[in-house]
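Text of input.pdb (PDB, C-alpha atoms) as supplied:
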```pdb
ATOM      1  CA  MET N   1      97.804 167.220 300.161
ATOM      2  CA  ASN N   2      95.883 163.982 300.581
ATOM      3  CA  VAL N   3      92.863 164.113 302.857
ATOM      4  CA  LYS N   4      92.707 161.235 305.317
ATOM      5  CA  PRO N   5      89.713 158.978 304.590
ATOM      6  CA  ALA N   6      86.634 159.266 306.775
ATOM      7  CA  ILE N   7      85.817 155.843 308.214
ATOM      8  CA  ALA N   8      82.581 154.911 309.993
ATOM      9  CA  ILE N   9      83.222 152.317 312.718
ATOM     10  CA  SER N  10      79.995 150.499 313.585
ATOM     11  CA  MET N  11      79.851 149.258 317.185
ATOM     12  CA  GLY N  12      78.452 145.826 316.320
ATOM     13  CA  ASP N  13      76.659 143.921 319.056
ATOM     14  CA  PRO N  14      76.533 146.192 322.148
ATOM     15  CA  ALA N  15      76.852 143.236 324.538
ATOM     16  CA  GLY N  16      79.695 141.570 322.656
ATOM     17  CA  ILE N  17      83.394 142.381 322.601
ATOM     18  CA  GLY N  18      83.011 145.043 319.895
ATOM     19  CA  PRO N  19      82.972 148.105 322.166
ATOM     20  CA  GLU N  20      86.112 146.866 323.961
ATOM     21  CA  LEU N  21      87.876 146.271 320.632
ATOM     22  CA  ILE N  22      87.058 149.770 319.433
ATOM     23  CA  VAL N  23      88.426 151.313 322.636
ATOM     24  CA  LYS N  24      91.622 149.295 322.302
ATOM     25  CA  ILE N  25      92.318 150.359 318.712
ATOM     26  CA  LEU N  26      91.543 154.017 319.441
ATOM     27  CA  ALA N  27      93.298 154.295 322.808
ATOM     28  CA  ASN N  28      96.771 155.331 321.646
ATOM     29  CA  GLY N  29      95.499 157.849 319.100
ATOM     30  CA  LYS N  30      97.594 156.526 316.195
ATOM     31  CA  VAL N  31      94.487 155.618 314.188
ATOM     32  CA  PHE N  32      93.792 159.330 313.800
ATOM     33  CA  GLU N  33      97.085 159.721 311.932
ATOM     34  CA  ARG N  34      95.760 157.387 309.218
ATOM     35  CA  CYS N  35      92.066 158.249 308.997
ATOM     36  CA  ARG N  36      89.174 160.298 310.374
ATOM     37  CA  PRO N  37      87.114 157.771 312.364
ATOM     38  CA  VAL N  38      83.596 158.257 313.677
ATOM     39  CA  ILE N  39      81.920 155.673 315.897
ATOM     40  CA  ILE N  40      78.365 154.631 315.042
ATOM     41  CA  GLY N  41      76.793 153.247 318.197
ATOM     42  CA  ASP N  42      75.647 153.888 321.747
ATOM     43  CA  LEU N  43      77.318 156.531 323.917
ATOM     44  CA  LEU N  44      76.816 154.840 327.296
ATOM     45  CA  THR N  45      78.086 151.495 325.993
ATOM     46  CA  MET N  46      81.253 153.040 324.592
ATOM     47  CA  ARG N  47      81.935 155.043 327.748
ATOM     48  CA  ASN N  48      81.413 151.912 329.865
ATOM     49  CA  ALA N  49      83.889 150.030 327.685
ATOM     50  CA  ALA N  50      86.450 152.821 328.104
ATOM     51  CA  ALA N  51      85.973 152.753 331.896
ATOM     52  CA  LEU N  52      86.343 148.961 331.927
ATOM     53  CA  LEU N  53      89.697 149.230 330.179
ATOM     54  CA  GLY N  54      90.914 152.275 332.089
ATOM     55  CA  ALA N  55      91.102 154.319 328.885
ATOM     56  CA  THR N  56      90.876 158.115 328.929
ATOM     57  CA  LEU N  57      88.619 158.257 325.855
ATOM     58  CA  ARG N  58      85.515 160.311 326.556
ATOM     59  CA  PHE N  59      83.521 159.918 323.317
ATOM     60  CA  ARG N  60      81.773 163.012 322.047
ATOM     61  CA  PRO N  61      78.169 162.659 320.848
ATOM     62  CA  VAL N  62      77.356 164.388 317.556
ATOM     63  CA  ALA N  63      73.954 164.795 315.920
ATOM     64  CA  ASP N  64      75.423 164.969 312.425
ATOM     65  CA  LEU N  65      78.739 164.152 310.795
ATOM     66  CA  THR N  66      79.289 167.842 310.055
ATOM     67  CA  GLU N  67      79.829 168.314 313.815
ATOM     68  CA  ALA N  68      82.681 165.794 313.972
ATOM     69  CA  GLN N  69      86.060 167.113 315.120
ATOM     70  CA  PHE N  70      88.097 163.865 314.932
ATOM     71  CA  GLN N  71      90.021 164.440 318.163
ATOM     72  CA  PRO N  72      92.032 161.433 319.441
ATOM     73  CA  LEU N  73      91.045 161.737 323.115
ATOM     74  CA  ASP N  74      87.444 162.584 322.338
ATOM     75  CA  PRO N  75      86.269 160.357 319.463
ATOM     76  CA  ASP N  76      83.070 161.458 317.737
ATOM     77  CA  LEU N  77      80.056 159.193 318.182
ATOM     78  CA  LEU N  78      76.903 159.245 316.076
ATOM     79  CA  SER N  79      73.763 157.328 317.124
ATOM     80  CA  PRO N  80      70.876 156.321 314.822
ATOM     81  CA  PRO N  81      68.143 158.980 315.154
ATOM     82  CA  GLY N  82      65.017 157.760 316.912
ATOM     83  CA  PHE N  83      66.633 154.606 318.331
ATOM     84  CA  GLU N  84      67.461 154.119 322.012
ATOM     85  CA  LEU N  85      69.351 151.047 323.168
ATOM     86  CA  GLY N  86      68.257 151.490 326.768
ATOM     87  CA  ALA N  87      69.752 149.786 329.807
ATOM     88  CA  PRO N  88      72.747 147.476 329.210
ATOM     89  CA  LEU N  89      71.822 143.874 328.412
ATOM     90  CA  PRO N  90      73.835 140.762 329.345
ATOM     91  CA  PRO N  91      76.009 139.124 326.665
ATOM     92  CA  ALA N  92      73.491 136.722 325.128
ATOM     93  CA  VAL N  93      71.240 136.462 322.084
ATOM     94  CA  HIS N  94      68.583 139.181 322.278
ATOM     95  CA  PRO N  95      66.445 140.912 319.596
ATOM     96  CA  LYS N  96      67.261 144.384 320.955
ATOM     97  CA  LEU N  97      70.974 143.750 320.520
ATOM     98  CA  GLY N  98      70.429 142.473 316.990
ATOM     99  CA  GLU N  99      68.334 145.502 316.134
ATOM    100  CA  ALA N 100      71.037 147.801 317.480
ATOM    101  CA  ALA N 101      73.776 146.148 315.435
ATOM    102  CA  GLY N 102      71.612 146.340 312.324
ATOM    103  CA  ARG N 103      70.758 150.005 312.848
ATOM    104  CA  TYR N 104      74.376 150.985 313.462
ATOM    105  CA  LEU N 105      75.505 149.231 310.286
ATOM    106  CA  ALA N 106      72.638 150.684 308.249
ATOM    107  CA  LEU N 107      73.490 154.219 309.375
ATOM    108  CA  ALA N 108      77.138 153.682 308.434
ATOM    109  CA  TYR N 109      76.158 152.715 304.897
ATOM    110  CA  GLU N 110      73.612 155.500 304.622
ATOM    111  CA  LEU N 111      76.540 157.847 305.229
ATOM    112  CA  ALA N 112      78.500 155.937 302.592
ATOM    113  CA  MET N 113      75.709 156.250 300.028
ATOM    114  CA  ASP N 114      75.625 159.990 300.679
ATOM    115  CA  GLY N 115      79.367 160.163 300.012
ATOM    116  CA  ARG N 116      80.116 161.292 303.560
ATOM    117  CA  VAL N 117      82.400 158.414 304.559
ATOM    118  CA  ASP N 118      84.999 156.588 302.480
ATOM    119  CA  GLY N 119      84.812 153.229 304.219
ATOM    120  CA  VAL N 120      83.004 151.244 306.907
ATOM    121  CA  VAL N 121      84.381 148.942 309.596
ATOM    122  CA  MET N 122      82.045 146.887 311.781
ATOM    123  CA  ALA N 123      82.903 145.413 315.152
ATOM    124  CA  PRO N 124      81.516 141.869 315.416
ATOM    125  CA  MET N 125      77.777 141.272 315.548
ATOM    126  CA  ASN N 126      75.819 138.168 316.526
ATOM    127  CA  LYS N 127      73.862 136.710 313.595
ATOM    128  CA  GLU N 128      71.313 134.985 315.852
ATOM    129  CA  SER N 129      70.433 138.288 317.516
ATOM    130  CA  PHE N 130      70.358 139.953 314.098
ATOM    131  CA  ARG N 131      67.780 137.457 312.825
ATOM    132  CA  ALA N 132      65.840 137.503 316.113
ATOM    133  CA  ALA N 133      65.386 141.234 315.532
ATOM    134  CA  GLY N 134      63.536 140.478 312.303
ATOM    135  CA  TYR N 135      66.355 140.892 309.777
ATOM    136  CA  ASP N 136      65.583 138.067 307.334
ATOM    137  CA  TYR N 137      69.001 137.717 305.716
ATOM    138  CA  PHE N 138      71.667 135.018 305.609
ATOM    139  CA  ASP N 139      74.239 137.557 306.760
ATOM    140  CA  GLU N 140      75.044 141.236 306.968
ATOM    141  CA  LEU N 141      76.381 141.323 303.385
ATOM    142  CA  GLN N 142      73.033 140.267 301.951
ATOM    143  CA  PHE N 143      71.417 142.943 304.136
ATOM    144  CA  LEU N 144      73.834 145.584 302.858
ATOM    145  CA  GLY N 145      73.358 144.490 299.260
ATOM    146  CA  GLU N 146      69.618 145.129 299.502
ATOM    147  CA  LEU N 147      70.065 148.330 301.512
ATOM    148  CA  THR N 148      72.425 149.837 298.938
ATOM    149  CA  GLY N 149      70.922 148.301 295.800
ATOM    150  CA  SER N 150      74.225 146.570 294.992
ATOM    151  CA  GLU N 151      73.920 143.804 292.388
ATOM    152  CA  GLU N 152      76.616 141.369 293.505
ATOM    153  CA  PRO N 153      78.360 142.240 296.760
ATOM    154  CA  TYR N 154      80.961 139.696 297.752
ATOM    155  CA  ILE N 155      83.296 138.806 300.575
ATOM    156  CA  LEU N 156      87.056 139.106 300.285
ATOM    157  CA  GLY N 157      89.138 137.306 302.879
ATOM    158  CA  ALA N 158      92.420 138.868 303.951
ATOM    159  CA  ALA N 159      95.059 136.784 305.692
ATOM    160  CA  GLY N 160      98.489 138.359 305.739
ATOM    161  CA  PRO N 161     100.131 137.833 302.337
ATOM    162  CA  ILE N 162      97.152 135.906 300.918
ATOM    163  CA  TRP N 163      93.895 137.344 299.599
ATOM    164  CA  ALA N 164      90.998 135.025 298.916
ATOM    165  CA  VAL N 165      87.436 135.125 297.679
ATOM    166  CA  ALA N 166      84.697 132.478 297.838
ATOM    167  CA  VAL N 167      82.409 132.001 294.839
ATOM    168  CA  THR N 168      79.614 130.888 297.184
ATOM    169  CA  GLU N 169      79.213 132.033 300.754
ATOM    170  CA  HIS N 170      76.486 131.525 303.373
ATOM    171  CA  ILE N 171      74.412 128.767 301.760
ATOM    172  CA  PRO N 172      73.809 125.104 302.675
ATOM    173  CA  PHE N 173      76.593 122.809 301.521
ATOM    174  CA  LYS N 174      74.151 120.798 299.383
ATOM    175  CA  ASP N 175      73.423 123.932 297.305
ATOM    176  CA  ILE N 176      77.013 124.798 296.415
ATOM    177  CA  VAL N 177      77.254 122.967 293.093
ATOM    178  CA  SER N 178      74.024 124.469 291.773
ATOM    179  CA  GLN N 179      75.462 127.966 292.365
ATOM    180  CA  LEU N 180      78.692 127.329 290.426
ATOM    181  CA  SER N 181      79.110 128.185 286.750
ATOM    182  CA  ILE N 182      81.923 129.128 284.385
ATOM    183  CA  GLU N 183      80.636 132.696 284.255
ATOM    184  CA  ARG N 184      80.384 133.025 288.036
ATOM    185  CA  VAL N 185      83.883 131.630 288.641
ATOM    186  CA  ARG N 186      85.249 134.009 285.988
ATOM    187  CA  ARG N 187      83.592 137.005 287.658
ATOM    188  CA  TYR N 188      85.168 136.181 290.997
ATOM    189  CA  ILE N 189      88.597 135.821 289.408
ATOM    190  CA  GLU N 190      88.079 139.289 287.934
ATOM    191  CA  HIS N 191      86.893 140.683 291.295
ATOM    192  CA  LEU N 192      90.034 139.414 293.029
ATOM    193  CA  HIS N 193      92.302 140.587 290.212
ATOM    194  CA  ILE N 194      90.964 144.151 290.466
ATOM    195  CA  VAL N 195      91.502 144.266 294.243
ATOM    196  CA  LEU N 196      95.034 142.898 294.006
ATOM    197  CA  ARG N 197      95.882 145.521 291.391
ATOM    198  CA  LYS N 198      94.596 148.228 293.751
ATOM    199  CA  LEU N 199      96.844 146.794 296.454
ATOM    200  CA  GLY N 200      99.880 147.237 294.238
ATOM    201  CA  PHE N 201     100.364 143.866 292.532
ATOM    202  CA  ALA N 202     101.164 144.685 288.894
ATOM    203  CA  ALA N 203     100.491 141.148 287.632
ATOM    204  CA  PRO N 204      98.573 139.249 290.342
ATOM    205  CA  ARG N 205      98.982 135.493 290.438
ATOM    206  CA  ILE N 206      95.647 133.860 291.255
ATOM    207  CA  ALA N 207      94.870 130.195 291.833
ATOM    208  CA  CYS N 208      91.453 128.540 291.564
ATOM    209  CA  ALA N 209      90.841 125.915 294.227
ATOM    210  CA  ALA N 210      89.247 122.653 293.159
ATOM    211  CA  LEU N 211      85.877 121.645 294.566
ATOM    212  CA  ASN N 212      86.404 117.884 294.867
ATOM    213  CA  PRO N 213      89.224 115.857 296.475
ATOM    214  CA  HIS N 214      92.340 115.624 294.298
ATOM    215  CA  ALA N 215      90.777 118.147 291.881
ATOM    216  CA  GLY N 216      88.254 115.491 290.897
ATOM    217  CA  GLU N 217      90.908 112.935 289.910
ATOM    218  CA  GLY N 218      90.087 113.271 286.216
ATOM    219  CA  GLY N 219      86.342 112.940 286.829
ATOM    220  CA  LEU N 220      86.537 110.016 289.240
ATOM    221  CA  PHE N 221      85.408 112.146 292.201
ATOM    222  CA  GLY N 222      83.207 114.591 290.319
ATOM    223  CA  SER N 223      83.140 116.518 287.050
ATOM    224  CA  GLU N 224      82.897 120.105 288.345
ATOM    225  CA  GLU N 225      86.609 120.700 287.797
ATOM    226  CA  ILE N 226      86.335 119.605 284.150
ATOM    227  CA  ASP N 227      83.015 121.283 283.367
ATOM    228  CA  ILE N 228      83.125 124.495 285.411
ATOM    229  CA  ILE N 229      86.547 125.403 286.824
ATOM    230  CA  ALA N 230      89.113 124.193 284.269
ATOM    231  CA  PRO N 231      87.613 126.179 281.364
ATOM    232  CA  VAL N 232      88.375 129.323 283.410
ATOM    233  CA  SER N 233      91.585 128.620 285.328
ATOM    234  CA  GLY N 234      93.209 125.684 287.112
ATOM    235  CA  PRO N 235      92.115 124.119 289.339
ATOM    236  CA  VAL N 236      94.629 123.481 292.093
ATOM    237  CA  PRO N 237      93.709 120.774 294.651
ATOM    238  CA  ALA N 238      92.184 122.506 297.666
ATOM    239  CA  ASP N 239      94.362 120.644 300.164
ATOM    240  CA  ILE N 240      97.518 122.213 298.732
ATOM    241  CA  VAL N 241      96.445 125.566 297.262
ATOM    242  CA  PHE N 242      96.929 127.649 300.430
ATOM    243  CA  LYS N 243     100.239 125.939 301.196
ATOM    244  CA  ARG N 244     101.454 126.945 297.754
ATOM    245  CA  ALA N 245     100.168 130.480 298.288
ATOM    246  CA  LEU N 246     102.041 130.736 301.583
ATOM    247  CA  ASP N 247     105.140 129.455 299.774
ATOM    248  CA  GLY N 248     104.860 132.407 297.416
ATOM    249  CA  ASP N 249     103.317 130.830 294.310
ATOM    250  CA  PHE N 250     100.147 132.973 294.396
ATOM    251  CA  GLU N 251      98.894 136.225 295.902
ATOM    252  CA  GLY N 252      95.234 135.300 295.584
ATOM    253  CA  VAL N 253      93.032 132.217 295.811
ATOM    254  CA  VAL N 254      89.530 131.820 294.391
ATOM    255  CA  CYS N 255      87.684 129.279 296.532
ATOM    256  CA  MET N 256      84.438 127.513 295.705
ATOM    257  CA  TYR N 257      82.755 127.789 299.117
ATOM    258  CA  HIS N 258      82.875 129.484 302.509
ATOM    259  CA  ASP N 259      84.775 126.991 304.665
ATOM    260  CA  GLN N 260      87.290 126.213 301.917
ATOM    261  CA  MET N 261      88.457 129.795 302.224
ATOM    262  CA  ASN N 262      87.955 130.450 305.905
ATOM    263  CA  ILE N 263      89.481 127.383 307.532
ATOM    264  CA  ALA N 264      92.761 128.151 305.815
ATOM    265  CA  ARG N 265      92.867 131.858 306.535
ATOM    266  CA  LYS N 266      91.727 131.575 310.152
ATOM    267  CA  LEU N 267      94.789 129.480 310.880
ATOM    268  CA  GLN N 268      96.840 132.617 310.216
ATOM    269  CA  SER N 269      97.676 135.260 312.824
ATOM    270  CA  ARG N 270      94.613 137.154 314.042
ATOM    271  CA  ALA N 271      96.572 140.370 313.599
ATOM    272  CA  ASP N 272      96.469 139.824 309.822
ATOM    273  CA  ILE N 273      92.985 138.449 309.085
ATOM    274  CA  ALA N 274      89.781 140.294 308.341
ATOM    275  CA  THR N 275      86.627 139.923 306.277
ATOM    276  CA  LEU N 276      86.099 142.583 303.623
ATOM    277  CA  TRP N 277      82.821 143.480 301.893
ATOM    278  CA  MET N 278      83.248 144.442 298.250
ATOM    279  CA  GLY N 279      80.833 145.475 295.531
ATOM    280  CA  LEU N 280      79.147 148.070 297.785
ATOM    281  CA  PRO N 281      79.196 151.908 297.521
ATOM    282  CA  VAL N 282      82.338 151.930 299.670
ATOM    283  CA  ILE N 283      84.554 149.173 300.968
ATOM    284  CA  GLY N 284      83.544 147.631 304.293
ATOM    285  CA  ALA N 285      85.219 145.180 306.632
ATOM    286  CA  THR N 286      84.677 143.287 309.843
ATOM    287  CA  THR N 287      86.528 140.859 312.053
ATOM    288  CA  ALA N 288      87.146 137.241 311.185
ATOM    289  CA  HIS N 289      85.504 136.247 314.489
ATOM    290  CA  GLY N 290      82.212 136.760 316.279
ATOM    291  CA  ALA N 291      80.870 138.775 319.197
ATOM    292  CA  ALA N 292      82.403 136.370 321.761
ATOM    293  CA  PHE N 293      79.745 136.645 324.475
ATOM    294  CA  ASP N 294      81.769 134.246 326.636
ATOM    295  CA  ILE N 295      84.538 136.804 327.261
ATOM    296  CA  ALA N 296      82.650 140.073 326.751
ATOM    297  CA  GLY N 297      83.028 142.610 329.540
ATOM    298  CA  GLN N 298      86.246 141.078 330.856
ATOM    299  CA  GLY N 299      88.758 143.172 328.938
ATOM    300  CA  LEU N 300      90.331 140.051 327.416
ATOM    301  CA  ALA N 301      89.413 140.504 323.759
ATOM    302  CA  ASP N 302      92.236 140.640 321.185
ATOM    303  CA  PRO N 303      91.811 143.687 318.897
ATOM    304  CA  GLY N 304      94.083 142.274 316.167
ATOM    305  CA  SER N 305      91.408 141.364 313.645
ATOM    306  CA  LEU N 306      89.471 144.627 314.012
ATOM    307  CA  ARG N 307      92.719 146.569 313.697
ATOM    308  CA  ALA N 308      93.523 144.605 310.535
ATOM    309  CA  ALA N 309      90.028 145.285 309.158
ATOM    310  CA  LEU N 310      90.505 149.010 309.706
ATOM    311  CA  GLU N 311      93.949 148.970 308.113
ATOM    312  CA  TYR N 312      92.689 147.176 304.992
ATOM    313  CA  VAL N 313      89.774 149.610 304.642
ATOM    314  CA  ILE N 314      92.116 152.595 304.953
ATOM    315  CA  ARG N 315      94.406 151.154 302.276
ATOM    316  CA  LEU N 316      91.604 150.407 299.834
ATOM    317  CA  ALA N 317      89.605 153.556 300.521
TER     318      ALA N 317
END
```
structure tokens encoding of this file:
Amino acid sequence: MNVKPAIAISMGDPAGIGPELIVKILANGKVFERCRPVIIGDLLTMRNAAALLGATLRFRPVADLTEAQFQPLDPDLLSPPGFELGAPLPPAVHPKLGEAAGRYLALAYELAMDGRVDGVVMAPMNKESFRAAGYDYFDELQFLGELTGSEEPYILGAAGPIWAVAVTEHIPFKDIVSQLSIERVRRYIEHLHIVLRKLGFAAPRIACAALNPHAGEGGLFGSEEIDIIAPVSGPVPADIVFKRALDGDFEGVVCMYHDQMNIARKLQSRADIATLWMGLPVIGATTAHGAAFDIAGQGLADPGSLRAALEYVIRLA
């Protein structure tokens, strides 16, 4: 008999929409049929979110994961030892909120490194608050890479039938070319190939997106396609590669930079898109959107992306 995977769900920014999203995906109890979730966050915040949405979830505080019971109406909640969030803060950039999000995520991956959870899902955090709290990282993936000692963690973008990876991520646009090489592009093709095999594709079809307009037009618009990408695979012009993928030509796309991947996938249904963290002790995922301070506390947030993130983590765990 297969044991359902244990999944740590980090609350993200306490003043954002994350707590509401978590309540919405847990409310009908079906998640517990697929996994054993434990919330990493603040008890009062989660209970307030449940009250806001009229949910019957009570949330049960545990001091250690060994105390978890994984009951649908009484989800287990673990808080970082020695950290108190304090009184609720308004939805805005604040160091305390950034520290909370960072501590929740760190605890989730400490559990992962100890082999006590099989995957991590994070509700959205606010990167400005994260940095204001003193976390000197481009993003949460760089933070997790250092925390876990992982050599090359990378982001995998899920969007319905298409899976994509970006060879460069959160760096200035002017630095992209200097970070590209034949070896690096090849590694990311291999990363995506391995994931697609795990998802059940026996012979994954993967396209490499070009960097320059019209795939460089034979060198007229740049030589990166000739010197870096073509020796590995492709490239396919970036303005058509996702259209071809949606038409069924490819299951995966290797992109050269962040927006090349994310503009295309964020045009897909929110119910299908998520951001996955690979190359860590266990798979992690988060939403393809932010903490949405403008609608936090109003019960309006769409849980589709967080639900998709959880589903992908369950499948790959």
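When all atoms listed in the file are used to compute distances to Gly234 (chain N), the closest of the residues N:Met261, N:Ile176, N:Val313, N:Ile206 turns out to be N:Ile206.
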Give me, as a PyMOL selection string, all polymer residues having an atom no more than 8 Å from region 159-168 of chain N, counting only C-alpha atoms and skipping those fewer than 5 positions away in the same chain. chain N and resi 154+176+179-180+184-185+188+192+196+245-246+250-258+260-261+265-266+268-269+272-274
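The closest residue to His289 (chain N), picked from N:Asn48, N:Gln142, N:Asn212, N:Asn126 and counting only C-alpha atoms, is N:Asn126.
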Can you list what the PyMOL selection byres ((chain N and resi 240) around 12) grabs from this structure, as a ChimeraX atom specification? /N:207-210,213-215,235-239,241-247,249-250,253,260,264
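CA of Leu52 (chain N) lies 15.8 Å from CA of Phe293 (chain N).
Closest approach to Ala92 (chain N) among N:Ser129, N:Thr66, N:Gln71, N:Ser150: N:Ser129, based on all atoms listed in the file.
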Using all atoms listed in the file, which residue out of N:Pro90, N:Gly82, N:Pro231, N:Gly299 lies closest to Glu183 (chain N)? N:Pro231
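Between Asp76 (chain N) and the residues N:Ile40, N:Ala301, N:Cys35, N:Ala123, the shortest atom-to-atom distance, using all atoms listed in the file, involves N:Ile40.
Closest approach to Tyr104 (chain N) among N:Glu190, N:Asp13, N:Asp64, N:Asp118 is made by N:Asp13 (distances from only C-alpha atoms).
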Polymer residues at most 10 Å from Asp227 (chain N), only C-alpha atoms, same-chain spacing of 6 or more positions, as a ChimeraX atom specification: /N:181-182,219
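Between CA of Thr148 (chain N) and CA of Met46 (chain N) lies a distance of 27.3 Å.
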Would you mind completing region 113-138 of chain N to N, CA and C atoms and writing the output as a short mmCIF file (atom, residue, chain, number, x, y, z; two decimals), in the frame of the given file?
```cif
data_model
loop_
_atom_site.label_atom_id
_atom_site.label_comp_id
_atom_site.auth_asym_id
_atom_site.auth_seq_id
_atom_site.Cartn_x
_atom_site.Cartn_y
_atom_site.Cartn_z
N MET N 113 76.48 155.96 301.24
CA MET N 113 75.71 156.25 300.03
C MET N 113 75.59 157.74 299.77
N ASP N 114 75.66 158.53 300.82
CA ASP N 114 75.62 159.99 300.68
C ASP N 114 77.01 160.58 300.37
N GLY N 115 78.02 159.70 300.30
CA GLY N 115 79.37 160.16 300.01
C GLY N 115 80.05 160.85 301.17
N ARG N 116 79.58 160.58 302.39
CA ARG N 116 80.12 161.29 303.56
C ARG N 116 81.18 160.50 304.30
N VAL N 117 81.28 159.20 304.04
CA VAL N 117 82.40 158.41 304.56
C VAL N 117 82.99 157.62 303.40
N ASP N 118 84.27 157.28 303.54
CA ASP N 118 85.00 156.59 302.48
C ASP N 118 85.12 155.09 302.72
N GLY N 119 84.73 154.64 303.90
CA GLY N 119 84.81 153.23 304.22
C GLY N 119 84.06 152.95 305.50
N VAL N 120 83.75 151.67 305.71
CA VAL N 120 83.00 151.24 306.91
C VAL N 120 83.72 150.05 307.53
N VAL N 121 83.85 150.08 308.84
CA VAL N 121 84.38 148.94 309.60
C VAL N 121 83.35 148.59 310.66
N MET N 122 83.03 147.30 310.78
CA MET N 122 82.04 146.89 311.78
C MET N 122 82.69 145.97 312.82
N ALA N 123 82.54 146.34 314.08
CA ALA N 123 82.90 145.41 315.15
C ALA N 123 81.95 144.23 315.09
N PRO N 124 82.32 143.08 315.64
CA PRO N 124 81.52 141.87 315.42
C PRO N 124 80.09 141.96 315.94
N MET N 125 79.17 141.37 315.15
CA MET N 125 77.78 141.27 315.55
C MET N 125 77.43 139.80 315.75
N ASN N 126 76.29 139.53 316.33
CA ASN N 126 75.82 138.17 316.53
C ASN N 126 74.68 137.91 315.54
N LYS N 127 74.85 136.95 314.65
CA LYS N 127 73.86 136.71 313.60
C LYS N 127 72.54 136.20 314.15
N GLU N 128 72.58 135.45 315.26
CA GLU N 128 71.31 134.99 315.85
C GLU N 128 70.49 136.16 316.36
N SER N 129 71.14 137.10 317.03
CA SER N 129 70.43 138.29 317.52
C SER N 129 69.92 139.12 316.35
N PHE N 130 70.72 139.21 315.30
CA PHE N 130 70.36 139.95 314.10
C PHE N 130 69.06 139.39 313.50
N ARG N 131 68.99 138.08 313.39
CA ARG N 131 67.78 137.46 312.82
C ARG N 131 66.62 137.54 313.80
N ALA N 132 66.90 137.41 315.10
CA ALA N 132 65.84 137.50 316.11
C ALA N 132 65.18 138.88 316.09
N ALA N 133 65.92 139.88 315.62
CA ALA N 133 65.39 141.23 315.53
C ALA N 133 64.50 141.44 314.30
N GLY N 134 64.40 140.39 313.47
CA GLY N 134 63.54 140.48 312.30
C GLY N 134 64.26 140.73 310.99
N TYR N 135 65.59 140.74 311.01
CA TYR N 135 66.36 140.89 309.78
C TYR N 135 66.43 139.53 309.08
N ASP N 136 65.69 139.36 308.00
CA ASP N 136 65.58 138.07 307.33
C ASP N 136 66.64 137.94 306.24
N TYR N 137 67.89 137.82 306.66
CA TYR N 137 69.00 137.72 305.72
C TYR N 137 69.95 136.62 306.19
N PHE N 138 70.66 136.01 305.23
CA PHE N 138 71.67 135.02 305.61
C PHE N 138 72.77 135.65 306.45
#
```
